[in-house]
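Trainee: Here you go, this is run.pdb (PDB, C-alpha atoms, pLDDT in the B column).
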MODEL        1
ATOM      1  CA  MET A 782     131.898  98.178  99.291  1.00 41.00           C
ATOM      2  CA  THR A 783     128.388  98.654  97.890  1.00 51.00           C
ATOM      3  CA  GLU A 784     126.446 101.702  99.035  1.00 52.00           C
ATOM      4  CA  ASP A 785     123.147 100.907 100.777  1.00 52.00           C
ATOM      5  CA  ARG A 786     120.503 103.094  99.112  1.00 55.00           C
ATOM      6  CA  ARG A 787     117.493 101.770 101.043  1.00 49.00           C
ATOM      7  CA  CYS A 788     115.049 104.305 102.427  1.00 52.00           C
ATOM      8  CA  HIS A 789     113.879 101.964 105.211  1.00 50.00           C
ATOM      9  CA  LYS A 790     115.838  99.776 107.603  1.00 52.00           C
ATOM     10  CA  ARG A 791     115.511  96.012 107.065  1.00 51.00           C
ATOM     11  CA  TYR A 792     114.618  93.700 109.942  1.00 44.00           C
ATOM     12  CA  LYS A 793     115.225  89.966 110.274  1.00 54.00           C
ATOM     13  CA  ALA A 794     111.896  88.359 109.546  1.00 57.00           C
ATOM     14  CA  PHE A 795     110.251  85.659 111.611  1.00 51.00           C
ATOM     15  CA  VAL A 796     107.370  84.915 109.271  1.00 52.00           C
ATOM     16  CA  HIS A 797     106.021  81.667 107.904  1.00 52.00           C
ATOM     17  CA  PRO A 798     107.378  80.716 104.457  1.00 54.00           C
ATOM     18  CA  PRO A 799     105.305  82.593 101.880  1.00 59.00           C
ATOM     19  CA  ARG A 800     103.373  80.998  99.030  1.00 62.00           C
ATOM     20  CA  SER A 801     103.524  82.118  95.433  1.00 63.00           C
ATOM     21  CA  ARG A 802     101.761  81.065  92.267  1.00 60.00           C
ATOM     22  CA  ASP A 803     104.524  82.752  90.239  1.00 61.00           C
ATOM     23  CA  LEU A 804     107.382  80.676  91.579  1.00 65.00           C
ATOM     24  CA  SER A 805     106.197  77.199  90.536  1.00 62.00           C
ATOM     25  CA  GLY A 806     106.101  75.775  94.053  1.00 60.00           C
ATOM     26  CA  GLY A 807     109.762  76.615  94.694  1.00 68.00           C
ATOM     27  CA  LYS A 808     110.807  77.100  98.298  1.00 78.00           C
ATOM     28  CA  VAL A 809     110.794  80.765  99.296  1.00 83.00           C
ATOM     29  CA  ASP A 810     112.148  82.088 102.589  1.00 84.00           C
ATOM     30  CA  ILE A 811     111.945  85.712 103.676  1.00 85.00           C
ATOM     31  CA  GLN A 812     115.338  86.750 105.035  1.00 86.00           C
ATOM     32  CA  ASP A 813     114.472  90.289 106.071  1.00 84.00           C
ATOM     33  CA  ILE A 814     111.661  92.762 105.622  1.00 83.00           C
ATOM     34  CA  SER A 815     111.016  96.511 105.675  1.00 83.00           C
ATOM     35  CA  PHE A 816     108.097  98.840 105.068  1.00 80.00           C
ATOM     36  CA  GLU A 817     108.988  99.017 101.368  1.00 86.00           C
ATOM     37  CA  GLY A 818     110.623  95.711 100.465  1.00 87.00           C
ATOM     38  CA  LEU A 819     112.000  92.340 101.408  1.00 89.00           C
ATOM     39  CA  HIS A 820     114.943  90.029 100.838  1.00 89.00           C
ATOM     40  CA  ILE A 821     114.035  86.480  99.833  1.00 90.00           C
ATOM     41  CA  ALA A 822     115.992  83.260  99.341  1.00 89.00           C
ATOM     42  CA  ILE A 823     114.564  81.055  96.617  1.00 87.00           C
ATOM     43  CA  ASP A 824     115.267  77.877  94.614  1.00 87.00           C
ATOM     44  CA  LYS A 825     115.221  79.610  91.219  1.00 85.00           C
ATOM     45  CA  GLU A 826     116.882  82.594  89.651  1.00 87.00           C
ATOM     46  CA  LEU A 827     114.748  85.697  89.238  1.00 89.00           C
ATOM     47  CA  GLY A 828     115.410  88.400  86.667  1.00 92.00           C
ATOM     48  CA  LYS A 829     115.748  92.053  87.594  1.00 95.00           C
ATOM     49  CA  GLY A 830     112.426  93.771  86.890  1.00 95.00           C
ATOM     50  CA  GLU A 831     110.410  90.534  87.180  1.00 92.00           C
ATOM     51  CA  THR A 832     107.157  90.844  89.149  1.00 92.00           C
ATOM     52  CA  VAL A 833     106.497  88.383  91.979  1.00 89.00           C
ATOM     53  CA  ASP A 834     103.216  87.917  93.874  1.00 89.00           C
ATOM     54  CA  LEU A 835     103.462  86.498  97.393  1.00 87.00           C
ATOM     55  CA  GLU A 836     101.011  85.413 100.059  1.00 86.00           C
ATOM     56  CA  ILE A 837     102.624  86.082 103.442  1.00 84.00           C
ATOM     57  CA  PHE A 838     101.511  84.848 106.864  1.00 82.00           C
ATOM     58  CA  ILE A 839     102.872  86.660 109.891  1.00 78.00           C
ATOM     59  CA  PRO A 840     103.035  84.975 113.323  1.00 74.00           C
ATOM     60  CA  GLN A 841      99.863  84.974 115.444  1.00 74.00           C
ATOM     61  CA  ASP A 842      97.783  85.943 112.387  1.00 78.00           C
ATOM     62  CA  ASP A 843      96.104  83.386 110.157  1.00 82.00           C
ATOM     63  CA  ILE A 844      94.931  85.919 107.557  1.00 86.00           C
ATOM     64  CA  PRO A 845      97.449  86.172 104.701  1.00 86.00           C
ATOM     65  CA  MET A 846      98.827  89.417 103.308  1.00 87.00           C
ATOM     66  CA  PHE A 847      98.932  89.590  99.532  1.00 89.00           C
ATOM     67  CA  ILE A 848     101.820  91.568  98.117  1.00 89.00           C
ATOM     68  CA  SER A 849     103.288  92.161  94.716  1.00 92.00           C
ATOM     69  CA  GLY A 850     106.916  93.169  94.296  1.00 92.00           C
ATOM     70  CA  VAL A 851     109.432  93.815  91.569  1.00 95.00           C
ATOM     71  CA  VAL A 852     112.888  92.220  91.648  1.00 95.00           C
ATOM     72  CA  ALA A 853     115.444  94.971  92.327  1.00 95.00           C
ATOM     73  CA  TRP A 854     118.421  92.591  92.405  1.00 93.00           C
ATOM     74  CA  SER A 855     119.103  88.863  92.227  1.00 93.00           C
ATOM     75  CA  LYS A 856     122.239  86.776  92.741  1.00 93.00           C
ATOM     76  CA  GLN A 857     123.267  83.211  93.383  1.00 88.00           C
ATOM     77  CA  ASP A 858     123.796  82.304  97.038  1.00 84.00           C
ATOM     78  CA  ALA A 859     127.519  82.082  97.812  1.00 78.00           C
ATOM     79  CA  ALA A 860     127.068  79.118 100.182  1.00 79.00           C
ATOM     80  CA  ILE A 861     124.373  77.057  98.419  1.00 78.00           C
ATOM     81  CA  ALA A 862     124.731  76.657  94.651  1.00 74.00           C
ATOM     82  CA  ALA A 863     121.059  75.801  94.011  1.00 78.00           C
ATOM     83  CA  ARG A 864     119.805  78.809  95.990  1.00 87.00           C
ATOM     84  CA  PHE A 865     119.349  82.425  94.941  1.00 92.00           C
ATOM     85  CA  ASN A 866     118.822  85.659  96.859  1.00 91.00           C
ATOM     86  CA  ALA A 867     116.661  88.503  95.581  1.00 93.00           C
ATOM     87  CA  GLY A 868     115.543  91.901  96.780  1.00 93.00           C
ATOM     88  CA  LEU A 869     111.917  92.804  96.125  1.00 93.00           C
ATOM     89  CA  LYS A 870     110.581  96.350  96.126  1.00 93.00           C
ATOM     90  CA  LEU A 871     106.915  96.326  97.111  1.00 90.00           C
ATOM     91  CA  LEU A 872     104.641  97.401  94.265  1.00 92.00           C
ATOM     92  CA  LYS A 873     101.195  96.500  95.509  1.00 93.00           C
ATOM     93  CA  ILE A 874      99.925  95.933  99.013  1.00 91.00           C
ATOM     94  CA  ASN A 875      96.495  97.058 100.152  1.00 91.00           C
ATOM     95  CA  LYS A 876      96.229  99.615 102.943  1.00 93.00           C
ATOM     96  CA  CYS A 877      94.938  97.122 105.506  1.00 92.00           C
ATOM     97  CA  ASP A 878      97.850  94.723 104.829  1.00 90.00           C
ATOM     98  CA  LYS A 879     100.367  97.594 104.878  1.00 89.00           C
ATOM     99  CA  ASP A 880      99.023  98.612 108.307  1.00 90.00           C
ATOM    100  CA  ARG A 881      99.331  94.987 109.495  1.00 87.00           C
ATOM    101  CA  LEU A 882     102.919  94.843 108.197  1.00 84.00           C
ATOM    102  CA  ARG A 883     103.770  98.117 109.946  1.00 84.00           C
ATOM    103  CA  THR A 884     102.218  96.846 113.214  1.00 85.00           C
ATOM    104  CA  TYR A 885     104.120  93.544 112.934  1.00 80.00           C
ATOM    105  CA  ILE A 886     107.441  95.347 112.402  1.00 77.00           C
ATOM    106  CA  HIS A 887     106.803  97.798 115.247  1.00 79.00           C
ATOM    107  CA  THR A 888     105.587  95.264 117.817  1.00 79.00           C
ATOM    108  CA  HIS A 889     107.469  92.060 116.998  1.00 67.00           C
ATOM    109  CA  LEU A 890     110.689  93.278 115.423  1.00 63.00           C
ATOM    110  CA  LEU A 891     111.259  96.650 117.074  1.00 62.00           C
ATOM    111  CA  GLY A 892     109.516  95.916 120.364  1.00 61.00           C
ATOM    112  CA  LEU A 893     107.658  99.252 120.357  1.00 50.00           C
TER     113      LEU A 893
ENDMDL
END
Mind converting the file's structure to structure tokens?

Mentor:
Amino acid sequence: MTEDRRCHKRYKAFVHPPRSRDLSGGKVDIQDISFEGLHIAIDKELGKGETVDLEIFIPQDDIPMFISGVVAWSKQDAAIAARFNAGLKLLKINKCDKDRLRTYIHTHLLGL
């Protein structure tokens, strides 16, 4: 069994599919999210260490959050051959967007 070395708990995400200029229009779905990273499912393989920029819309908010993350891990989906899963560690997110992300997690995912 693999040891979970995450500093922050991950929460199932209910966000709109993000957009990315880096991913050539491939379909990206956020599987779960935390204060420091996210798990995405995508139509192309990403290399460990690759940087990905995403534009994320959270429910009830039409202003996007712009984040940049580095691929911590990537593997082919066991159920869907043309799909890949990747873990992104957040590199860049402005303070305002980080506060919005924290509020979204606290109010919509934790119910605080």

Trainee: When you look at segment 860-877 of chain A with a cut-off of 10 Å (counting all atoms listed in the file), what residues show up, excluding the ones that are within fewer than 6 positions of it in the same chain? I need them as a ChimeraX atom specification.

Mentor: /A:808-834,846-854,883

Trainee: Can you work out the spacing between atom CA of Phe838 of chain A and atom CA of Thr888 of chain A in Å, to one decimal?

Mentor: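 Those two atoms sit 15.7 Å apart.
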
Trainee: Quick one: pull the distance between atom CA of Pro840 of chain A and atom CA of Arg881 of chain A, Å, one decimal.

Mentor: 11.3 Å

Trainee: Using atom CA of Ala859 of chain A and atom CA of Leu835 of chain A as the two end points, give the distance in Å to one decimal.

Mentor: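 Between atom CA of Ala859 of chain A and atom CA of Leu835 of chain A the gap works out to 24.5 Å.
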
Trainee: Write out as AutoDock Vina command-line options an axis-aligned box for segment 872-877 of chain A: all of its atoms listed in the file, 8 Å added on each side, centre and edge lengths in Å with one decimal.

Mentor:
--center_x 99.8 --center_y 97.8 --center_z 99.9 --size_x 25.7 --size_y 19.7 --size_z 27.2
